[in-house]
Number of protein chains: 2
Amino acid sequence: MRPGISGLDAPCGLMLYSAMPFKITFYPNRKTIEAKDGQTILKAGGAQGVHINATCGGKGNCGKCRVIVKEGKVTAKESAFLTEADIKQGVRLACMTKPASDLTVEIPLGSQMRKGAKIATGSKLDELHKMVCKTCEGELRPVTRKLFMKLPQPNLDDNISDVERLRRELAKRGYEMADIHINLPIIRKVGSVMRARDFMVTATILMFGNVIEVIDVQPGDTTKPRYGAAVDVGTTSLVVYLVDLLTGKVVDMASTYNPQVRCGEDVISRIVYASEMGGLDELQRLVIDAVNGLIEEMARRKEIDPEAIDNIVISGNTTMTHLFYGIDPAHIREEPYIPTATFLPLMRTKALGLKINDFGVIYAVPGVASYVGGDISSGILASRIYKKPELSLFIDIGTNGEIVLGNSDWMVTAACSAGPAFEGGGVKFGMRAMDGAIEKVAIEPGTFEAKYSVIGNTPPIGICGSGMIDLIAEMFLSGVIDQKGRVNLGIESPRVRKGETGPEYVLAFADETGTGKDITFTEPDIDNIIRTKGAIYAGFSTLLKEVGFGFADVKKVYIAGGFGNYLDVERAITIGLLPDMPLDKFEFLGNTSIMGAYMALLSRNLRKDVEDIARKMTYMELSVSRAFMDQYVSALFLPHTNTDAFPTVERMRKVAEEAG
Amino acid sequence: MRPGISGLDAPCGLMLYSAMPFKITFYPNRKTIEAKDGQTILKAGGAQGVHINATCGGKGNCGKCRVIVKEGKVTAKESAFLTEADIKQGVRLACMTKPASDLTVEIPLGSQMRKGAKIATGSKLDELHKMVCKTCEGELRPVTRKLFMKLPQPNLDDNISDVERLRRELAKRGYEMADIHINLPIIRKVGSVMRARDFMVTATILMFGNVIEVIDVQPGDTTKPRYGAAVDVGTTSLVVYLVDLLTGKVVDMASTYNPQVRCGEDVISRIVYASEMGGLDELQRLVIDAVNGLIEEMARRKEIDPEAIDNIVISGNTTMTHLFYGIDPAHIREEPYIPTATFLPLMRTKALGLKINDFGVIYAVPGVASYVGGDISSGILASRIYKKPELSLFIDIGTNGEIVLGNSDWMVTAACSAGPAFEGGGVKFGMRAMDGAIEKVAIEPGTFEAKYSVIGNTPPIGICGSGMIDLIAEMFLSGVIDQKGRVNLGIESPRVRKGETGPEYVLAFADETGTGKDITFTEPDIDNIIRTKGAIYAGFSTLLKEVGFGFADVKKVYIAGGFGNYLDVERAITIGLLPDMPLDKFEFLGNTSIMGAYMALLSRNLRKDVEDIARKMTYMELSVSRAFMDQYVSALFLPHTNTDAFPTVERMRKVAEEAG
């Protein structure tokens, strides 16, 4: 069946403005949706749950939202990402194409937005759980507590009000009477709740500061079961742990892309969308709906009543947190980069539209500044460096590249605007660490053949951050690229060639990939990675210098980031992303944002700790620092202009050269 | 124009169930409303702002809602309150009559519900205001405070979040940083508010316990003007003071009937209406709407922006307070008489639908028990007995007859179910102290002629509490009635006669009244008053005995209640309502409920005082007390079975007898 599509930029006149919405049926998921007047395939699909990969947020800049129009007429804008052959086959960019009739559209594998960045595995969670329990001296202390109480029945001699009866019982259990607050929604129901089961009730109490608030009362004993959710609100991905609050164990986990991605890939474009395009409410709704969806999915899977979930802790960068709470993030992107809030009040989940128990509460892990958010406080909590006397370095390699340096006495922090390259942004075949992503790469010296492993053991569709680090290190050591990242076209191998965007290396040929197309790594991709790793290296070099230390003083380096379960530290040193230090000084922690949220969910003590952490960290603004710029320029080489700083890499290179 | 009304109990068949609502035009207020299917004239009018007097709440028991149907057809139930002559003239009870066509209806003077119980006058308020200011050591301290602040503008070296900037500034002014809370609605606006006037903002802060909450931020200096409202939520009347919070002065006052009256006259029938007839929301809406109306009326009159009003304090009995907050009062009327709450949390006025500043707060004066509410705590605050070492007695003579005995060390309290006789309930021509009410009465010895004075100097339409006390005392001393309240029909006077309900005394003949009908006082009316005064006297006798004191130990008696500005203490002693003590021991305070609300509005210190008062009072349940029943039976005489307890009255009676 050949699609009867109209040509590029050839609008179908009246039909475009027809009052009848066009139907679009998507394959392979067989979902039919209706497109509103003027909506692109990307937008119409996204609005109704059919998410197509588009890391630029639908601006036509990334070329990743390729779809194949199988039937029907469309109007489409020109795009340099499409070849003539593409167009003949019906390939279009979903963000640049609007239906002009009912359509049948295929979403090829490479454009499918799959669920799930990889998340921490069982054994790591068990360790974390043990650590949290140890910190709480064996007792789980979530922000809320459920108490079953048999209240004495009232009589003429004991005739205090229902509310005072409840407060008196709580005072008997050691809470300070004067600090016990009960708000109107609870007061309105307490009378009938008490009388429903002969004055046996379960009270849910919330402790913040010295105040104890009764946030729910239920008839009978409802202390079991109890669940909470820890949420990592990433710019790209959302990860949720469903946690049994009685045992502290993670009972399920789920993740998905942050659907805000279609309004902009990075925080800056989301801020613009929220502040200048009136999209604040939409962005908030998108993320809340997605979190609701993940919780609902897990609750159904584990046959848990969502009413039994009464606690949520979120952890995210400052912009994500603003958007989650519906706070205008406008000033975050304007010098002097002021967030509205880094600490948010404990509040009802219901007020944000989260669908758990009506009286549930939400807590956000506090942040430090516009570009060092709650996710970094979470990272420090998880790494425990705030408890250790020795000097440690914490690096979160995400879009922003946040760094913390310090010990139990002091901490300084900075963000280095690294960019999203390691998360797949700005890299032709870049993708997150999920099924189909190449995560490990080796290049055979001499033959220049590539060996790789793919997450999920499927044919590859792209490459994730850890794969990119491996690949660039291997290309560098094997001589495919030089210190500046230039591809050596003199190499005689079908893998080294001049492609459409210049010199490139073919990591996987079409016949072995999941998309039926070559997976390549181009010079612009390499440049992007070098700029990213340069910014991160410059960041911690600058920070160390500012406080009068050198790498030799650093006893431990903790690495966090969306690398799934794998990061080859040696390779990261090879490309100059990490400093050239003994390997045993490095520890890879994975997604510390969700770990911190999980810890704060289980323990009030750790929640207090993370608040102290956020208050304690001194933020340095690197974007205006002359020293940072100097360091950055020096780091735009492999591994660095100062090769003395990377003796191990020099040795490896020499060995490789001699072998080659 | 003769009304073409159909006969009693003769429904007009189909017309009654017509889909078209009937129109009713009321005179003299010339308002036309629409009656829904099946609505009585009383209900239809009440729902649309035409209030007709009906102290029984529309059950056909009081006969006070007489209206004259001038044009149109109605269906009406029979009523013993209507004579044949009435019916011929088109007189009907509004609560028993439904329209069967469009109607023109006249509301006669006696059925008009007039605005306004009398409220405290200027001089008393000035005194109160001086006293409050003295208590606060010259400083007004409302529950909220407005602070104008010029915040330092952020820069790269001073780049804390907007919220922290605000908290830091408050901390500079002496507030404890850790105690300062800011909730999401404020966080959402603080960024733009700060930048609207170069970081000059006005913060409204609320203090409760140790917590300081920023409840509003506004750009620029909005510290002036500021207003608050003190509200007395009475079972029968609502009184509101509009208060300038910068000077502490009352700038206006307004009052109206509590429109809940049409759902039941007393607290018990309101509880039934709320709990068993699903009327809780309706009752809440009625009172909130009425308070909004009074505030709006005063704001318009004084040309004040309602946005400048950001504080409300209410004071009312426990049932009224429950209904105001939408709390089911069901258990108040079931033994062991447990209220849901006596202390209510400070909260946003917006959450209750009060139309002042969106960020305004409401505080309810706390109560003690189901039948000793915030109005009594207010009374103790206003009387200051909790500050005095000497033994004092406080009596609020309203529907319930609440009593407090004590001093600065201890207080006991009780309610004696006195009934609403002194407020006009259950008395044929009884009414509240307002225009048209006879408030003073004297009977000429020998001739038995009555002299009276009327509030507002208009022709009388009824008699209020202070008038009833005078009248019964005068009838007793002049021999019109005996010790048991029986009318002496042997007296030869046109004023002493056998009426439709038995022996009665004519206080005013038809030609001098505002209704064109005789105003009489019947034996059932007298019985009612005797039972009421007996319950109150029995109440404080029992209370005194329980704590081992006698009347001689009482140094001061404070009297509160809806008597307007007048209560003749000597006459109250004569009928045995008050104990026979030297007159200088008595002090009449008027409406202490509104006074207490006003005091709590002006001063946090006094708010703390009234909370201490409510906690300190020990409640005694008289309804099950054998001693109370004995005292009550002994008090069902004029002045009392034990005449030794009333030597002054005995002397007066002897003098009167000798004169007669």
# chains A, B, ... in the order shown; residues from 1 in each chain; ligands from 1
>>> residues_around(residues="Lys451 (chain B)", least_positions_apart="3", cutoff="12 Å", atoms="only C-alpha atoms", output="PyMOL selection string")
chain B and resi 438-445+447-448+454+460+467+470-471+474+506-509+512
>>> write_last_selection(atoms="N, CA and C atoms", output="tab-separated table (two decimals), in the first residue's frame")
chain	number	residue	atom	x	y	z
B	438	ILE	N	-41.66	46.23	73.30
B	438	ILE	CA	-41.85	46.87	74.61
B	438	ILE	C	-40.71	46.40	75.51
B	439	GLU	N	-39.93	47.37	76.03
B	439	GLU	CA	-38.77	46.94	76.83
B	439	GLU	C	-38.89	47.30	78.30
B	440	LYS	N	-39.79	48.25	78.62
B	440	LYS	CA	-40.02	48.59	80.03
B	440	LYS	C	-41.52	48.62	80.29
B	441	VAL	N	-41.92	48.13	81.45
B	441	VAL	CA	-43.34	48.10	81.77
B	441	VAL	C	-43.54	48.49	83.23
B	442	ALA	N	-44.59	49.26	83.48
B	442	ALA	CA	-45.02	49.49	84.86
B	442	ALA	C	-46.54	49.36	84.91
B	443	ILE	N	-47.06	48.76	86.00
B	443	ILE	CA	-48.52	48.65	86.16
B	443	ILE	C	-48.94	49.52	87.34
B	444	GLU	N	-49.89	50.38	87.07
B	444	GLU	CA	-50.36	51.31	88.10
B	444	GLU	C	-51.13	50.53	89.15
B	445	PRO	N	-50.70	50.64	90.40
B	445	PRO	CA	-51.44	49.92	91.44
B	445	PRO	C	-52.88	50.42	91.49
B	447	THR	N	-55.41	50.75	89.57
B	447	THR	CA	-56.12	50.83	88.27
B	447	THR	C	-55.71	49.69	87.35
B	448	PHE	N	-54.55	49.12	87.61
B	448	PHE	CA	-53.99	48.04	86.78
B	448	PHE	C	-53.69	48.48	85.35
B	454	VAL	N	-41.23	51.72	74.31
B	454	VAL	CA	-41.00	50.86	73.16
B	454	VAL	C	-39.67	51.23	72.50
B	460	PRO	N	-46.06	49.68	69.58
B	460	PRO	CA	-45.50	48.37	69.92
B	460	PRO	C	-46.04	47.26	69.01
B	467	GLY	N	-38.76	43.60	78.94
B	467	GLY	CA	-40.17	43.97	79.13
B	467	GLY	C	-40.92	42.87	79.86
B	470	ASP	N	-40.04	42.96	83.57
B	470	ASP	CA	-40.77	44.06	84.21
B	470	ASP	C	-42.24	43.69	84.39
B	471	LEU	N	-42.84	43.18	83.31
B	471	LEU	CA	-44.28	42.91	83.31
B	471	LEU	C	-44.66	41.90	84.38
B	474	GLU	N	-44.25	43.34	87.80
B	474	GLU	CA	-45.33	44.29	88.08
B	474	GLU	C	-46.66	43.59	88.31
B	506	VAL	N	-53.97	42.35	79.23
B	506	VAL	CA	-53.78	43.11	78.00
B	506	VAL	C	-52.76	44.22	78.25
B	507	LEU	N	-51.62	44.10	77.63
B	507	LEU	CA	-50.54	45.08	77.83
B	507	LEU	C	-50.78	46.31	76.97
B	508	ALA	N	-51.31	46.11	75.76
B	508	ALA	CA	-51.59	47.24	74.87
B	508	ALA	C	-52.82	46.88	74.04
B	509	PHE	N	-53.73	47.84	73.94
B	509	PHE	CA	-54.94	47.57	73.16
B	509	PHE	C	-54.69	47.86	71.68
B	512	GLU	N	-53.56	51.16	69.95
B	512	GLU	CA	-52.25	51.79	70.19
B	512	GLU	C	-51.09	50.94	69.63
>>> closest_atom_pairs(of="chain A", to="chain B", cutoff="9 Å", atoms="only C-alpha atoms", output="tab-separated table")
residue	atom	partner	partner_atom	distance
A:Pro154	CA	B:Pro336	CA	6.9
A:Asn155	CA	B:Pro336	CA	5.2
A:Leu156	CA	B:Pro336	CA	5.1
A:Asp157	CA	B:Glu621	CA	8.4
A:Asp158	CA	B:Pro336	CA	8.7
A:Asn159	CA	B:Ile338	CA	5.9
A:Ile160	CA	B:Ile338	CA	6.7
A:Ser161	CA	B:Pro339	CA	4.9
A:Asp162	CA	B:Thr340	CA	4.7
A:Val163	CA	B:Ala341	CA	5.3
A:Glu164	CA	B:Ala341	CA	7.2
A:Ala178	CA	B:Gly209	CA	8.2
A:Asp179	CA	B:Gly209	CA	8.0
A:His181	CA	B:Pro345	CA	7.5
A:Ile182	CA	B:Pro345	CA	7.0
A:Asn183	CA	B:Pro345	CA	6.0
A:Leu184	CA	B:Pro345	CA	7.1
A:Ile187	CA	B:Thr340	CA	7.1
A:Arg188	CA	B:Ile327	CA	4.9
A:Lys189	CA	B:Ile327	CA	8.0
A:Val190	CA	B:Thr340	CA	7.3
A:Gly191	CA	B:Thr340	CA	5.7
A:Ser192	CA	B:Asp328	CA	8.8
A:Gly209	CA	B:Asp179	CA	8.0
A:Asn210	CA	B:Asn210	CA	8.8
A:Val211	CA	B:Val211	CA	8.6
A:Tyr325	CA	B:Leu184	CA	7.9
A:Gly326	CA	B:Arg188	CA	7.2
A:Ile327	CA	B:Arg188	CA	4.9
A:Asp328	CA	B:Arg188	CA	6.9
A:Pro329	CA	B:Gly191	CA	9.0
A:Ala330	CA	B:Gly191	CA	8.8
A:His331	CA	B:Gly191	CA	7.9
A:Glu335	CA	B:Leu156	CA	7.6
A:Pro336	CA	B:Leu156	CA	5.0
A:Tyr337	CA	B:Asn159	CA	7.2
A:Ile338	CA	B:Ser161	CA	5.5
A:Pro339	CA	B:Ser161	CA	4.9
A:Thr340	CA	B:Asp162	CA	4.7
A:Ala341	CA	B:Ser161	CA	5.3
A:Thr342	CA	B:Ser161	CA	6.4
A:Phe343	CA	B:Val163	CA	8.2
A:Leu344	CA	B:Leu184	CA	7.6
A:Pro345	CA	B:Asn183	CA	6.0
A:Leu346	CA	B:Asn183	CA	8.6
A:Met347	CA	B:Asn183	CA	8.3
A:Val368	CA	B:Ile160	CA	8.2
A:Ala369	CA	B:Ile160	CA	6.9
A:Ser370	CA	B:Ser161	CA	8.1
A:Tyr619	CA	B:Asn159	CA	8.9
A:Met620	CA	B:Asp157	CA	8.7
A:Glu621	CA	B:Leu156	CA	7.2
A:Val624	CA	B:Leu156	CA	8.9
>>> closest_residue(among="A:Ile212, A:Ala510, A:Ala437, A:Met475", to="Ala450 (chain A)", atoms="only C-alpha atoms")
A:Met475
>>> residues_around(residues="Arg497 (chain B)", least_positions_apart="3", cutoff="12 Å", atoms="only C-alpha atoms", output="ChimeraX atom specification")
/B:480,487-494,500-507,520-523
>>> write_last_selection(atoms="C-alpha atoms", output="PDB file, in the first residue's frame")
ATOM      1  CA  VAL B 480     -52.622  40.541  88.846  1.00  0.00           C
ATOM      2  CA  VAL B 487     -54.095  35.443  86.785  1.00  0.00           C
ATOM      3  CA  ASN B 488     -56.578  36.782  89.306  1.00  0.00           C
ATOM      4  CA  LEU B 489     -59.753  37.017  87.155  1.00  0.00           C
ATOM      5  CA  GLY B 490     -61.474  38.615  90.125  1.00  0.00           C
ATOM      6  CA  ILE B 491     -59.813  41.913  89.288  1.00  0.00           C
ATOM      7  CA  GLU B 492     -62.201  44.354  87.677  1.00  0.00           C
ATOM      8  CA  SER B 493     -60.314  45.819  84.782  1.00  0.00           C
ATOM      9  CA  PRO B 494     -60.704  45.467  81.007  1.00  0.00           C
ATOM     10  CA  GLU B 500     -58.810  32.454  73.648  1.00  0.00           C
ATOM     11  CA  THR B 501     -56.077  30.531  75.481  1.00  0.00           C
ATOM     12  CA  GLY B 502     -57.342  31.268  78.970  1.00  0.00           C
ATOM     13  CA  PRO B 503     -56.763  34.123  81.438  1.00  0.00           C
ATOM     14  CA  GLU B 504     -54.559  36.940  80.143  1.00  0.00           C
ATOM     15  CA  TYR B 505     -53.433  40.523  80.766  1.00  0.00           C
ATOM     16  CA  VAL B 506     -53.777  43.110  78.001  1.00  0.00           C
ATOM     17  CA  LEU B 507     -50.544  45.078  77.828  1.00  0.00           C
ATOM     18  CA  THR B 520     -51.563  40.312  75.578  1.00  0.00           C
ATOM     19  CA  PHE B 521     -49.633  38.192  78.063  1.00  0.00           C
ATOM     20  CA  THR B 522     -51.280  34.846  78.755  1.00  0.00           C
ATOM     21  CA  GLU B 523     -50.986  32.246  81.506  1.00  0.00           C
TER      22      GLU B 523
END
>>> atom_distance(atom1="CA of Arg604 (chain B)", atom2="CA of Leu286 (chain B)")
29.4 Å
>>> residues_around(residues="Ala614 (chain B)", least_positions_apart="4", cutoff="9 Å", atoms="only C-alpha atoms", output="MDAnalysis selection string")
chainID B and resid 342:343 365:368 373:374 376:377 609:610 618
>>> closest_residue(among="B:Thr204, B:Ser593, B:Thr648, B:Asn605", to="Glu570 (chain B)", atoms="only C-alpha atoms")
B:Thr648
>>> closest_residue(among="A:Thr104, A:Thr592, A:Gln284, A:Thr318", to="Val267 (chain A)", atoms="only C-alpha atoms")
A:Thr318
>>> select_by_dssp(residues="region 488-638 of chain B", states="strand (DSSP E)", output="ChimeraX atom specification")
/B:496-499,502-508,519-522,556-561,586-590,617-620
>>> residues_around(residues="Thr513 (chain B)", least_positions_apart="5", cutoff="10 Å", atoms="only C-alpha atoms", output="JSON, numbers by chain")
{"B": [436, 458, 459, 460, 461, 462, 507, 508, 518, 519]}
>>> select_by_dssp(residues="region 530-658 of chain A", states="helix (DSSP H, G or I)", output="MDAnalysis selection string")
chainID A and resid 530:546 551:553 569:574 583:585 592:602 604:616 626:634 643:645 647:658
>>> closest_residue(among="A:Ile271, A:Val243, A:Ala254, A:Ile41", to="Ala308 (chain A)", atoms="only C-alpha atoms")
A:Val243
>>> residues_around(residues="Leu206 (chain A)", least_positions_apart="5", cutoff="7 Å", atoms="only C-alpha atoms", output="short mmCIF file (atom, residue, chain, number, x, y, z; two decimals) with C-alpha atoms, in the first residue's frame")
data_model
loop_
_atom_site.label_atom_id
_atom_site.label_comp_id
_atom_site.auth_asym_id
_atom_site.auth_seq_id
_atom_site.Cartn_x
_atom_site.Cartn_y
_atom_site.Cartn_z
CA VAL A 143 7.22 11.25 57.86
CA THR A 144 3.82 9.94 58.86
CA ARG A 145 2.89 7.35 61.41
CA ILE A 212 2.24 17.02 65.23
CA GLU A 213 -0.66 17.08 62.82
CA VAL A 214 -3.35 14.44 62.68
CA ILE A 215 -3.82 14.09 58.93
#
>>> residues_around(residues="Ala473 (chain B)", least_positions_apart="3", cutoff="8 Å", atoms="only C-alpha atoms", output="ChimeraX atom specification")
/B:469-470,476-477,571-572,574-575
>>> write_last_selection(atoms="N, CA, C and O atoms", output="PDB file, in the first residue's frame")
ATOM      1  N   ILE B 469     -39.706  40.699  81.978  1.00  0.00           N
ATOM      2  CA  ILE B 469     -39.286  40.667  83.386  1.00  0.00           C
ATOM      3  C   ILE B 469     -40.041  41.751  84.163  1.00  0.00           C
ATOM      4  O   ILE B 469     -40.623  41.497  85.220  1.00  0.00           O
ATOM      5  N   ASP B 470     -40.038  42.960  83.573  1.00  0.00           N
ATOM      6  CA  ASP B 470     -40.773  44.056  84.213  1.00  0.00           C
ATOM      7  C   ASP B 470     -42.241  43.686  84.388  1.00  0.00           C
ATOM      8  O   ASP B 470     -42.826  43.855  85.464  1.00  0.00           O
ATOM      9  N   PHE B 476     -47.007  40.633  89.432  1.00  0.00           N
ATOM     10  CA  PHE B 476     -46.896  39.941  90.717  1.00  0.00           C
ATOM     11  C   PHE B 476     -47.090  40.927  91.873  1.00  0.00           C
ATOM     12  O   PHE B 476     -47.901  40.698  92.786  1.00  0.00           O
ATOM     13  N   LEU B 477     -46.395  42.057  91.804  1.00  0.00           N
ATOM     14  CA  LEU B 477     -46.471  43.021  92.906  1.00  0.00           C
ATOM     15  C   LEU B 477     -47.852  43.663  92.976  1.00  0.00           C
ATOM     16  O   LEU B 477     -48.345  43.985  94.061  1.00  0.00           O
ATOM     17  N   ARG B 571     -36.224  44.248  89.219  1.00  0.00           N
ATOM     18  CA  ARG B 571     -37.381  43.485  88.734  1.00  0.00           C
ATOM     19  C   ARG B 571     -37.008  42.013  88.505  1.00  0.00           C
ATOM     20  O   ARG B 571     -37.811  41.121  88.737  1.00  0.00           O
ATOM     21  N   ALA B 572     -35.761  41.801  88.052  1.00  0.00           N
ATOM     22  CA  ALA B 572     -35.296  40.425  87.834  1.00  0.00           C
ATOM     23  C   ALA B 572     -35.207  39.683  89.161  1.00  0.00           C
ATOM     24  O   ALA B 572     -35.502  38.489  89.239  1.00  0.00           O
ATOM     25  N   THR B 574     -37.138  40.469  91.679  1.00  0.00           N
ATOM     26  CA  THR B 574     -38.539  40.332  92.090  1.00  0.00           C
ATOM     27  C   THR B 574     -39.154  39.043  91.570  1.00  0.00           C
ATOM     28  O   THR B 574     -39.911  38.373  92.264  1.00  0.00           O
ATOM     29  N   ILE B 575     -38.838  38.683  90.346  1.00  0.00           N
ATOM     30  CA  ILE B 575     -39.443  37.441  89.825  1.00  0.00           C
ATOM     31  C   ILE B 575     -38.606  36.204  90.173  1.00  0.00           C
ATOM     32  O   ILE B 575     -38.966  35.088  89.833  1.00  0.00           O
TER      33      ILE B 575
END
>>> closest_residue(among="A:Val655, A:Ile380, A:Val250, A:Val67", to="Leu82 (chain A)", atoms="only C-alpha atoms")
A:Val67
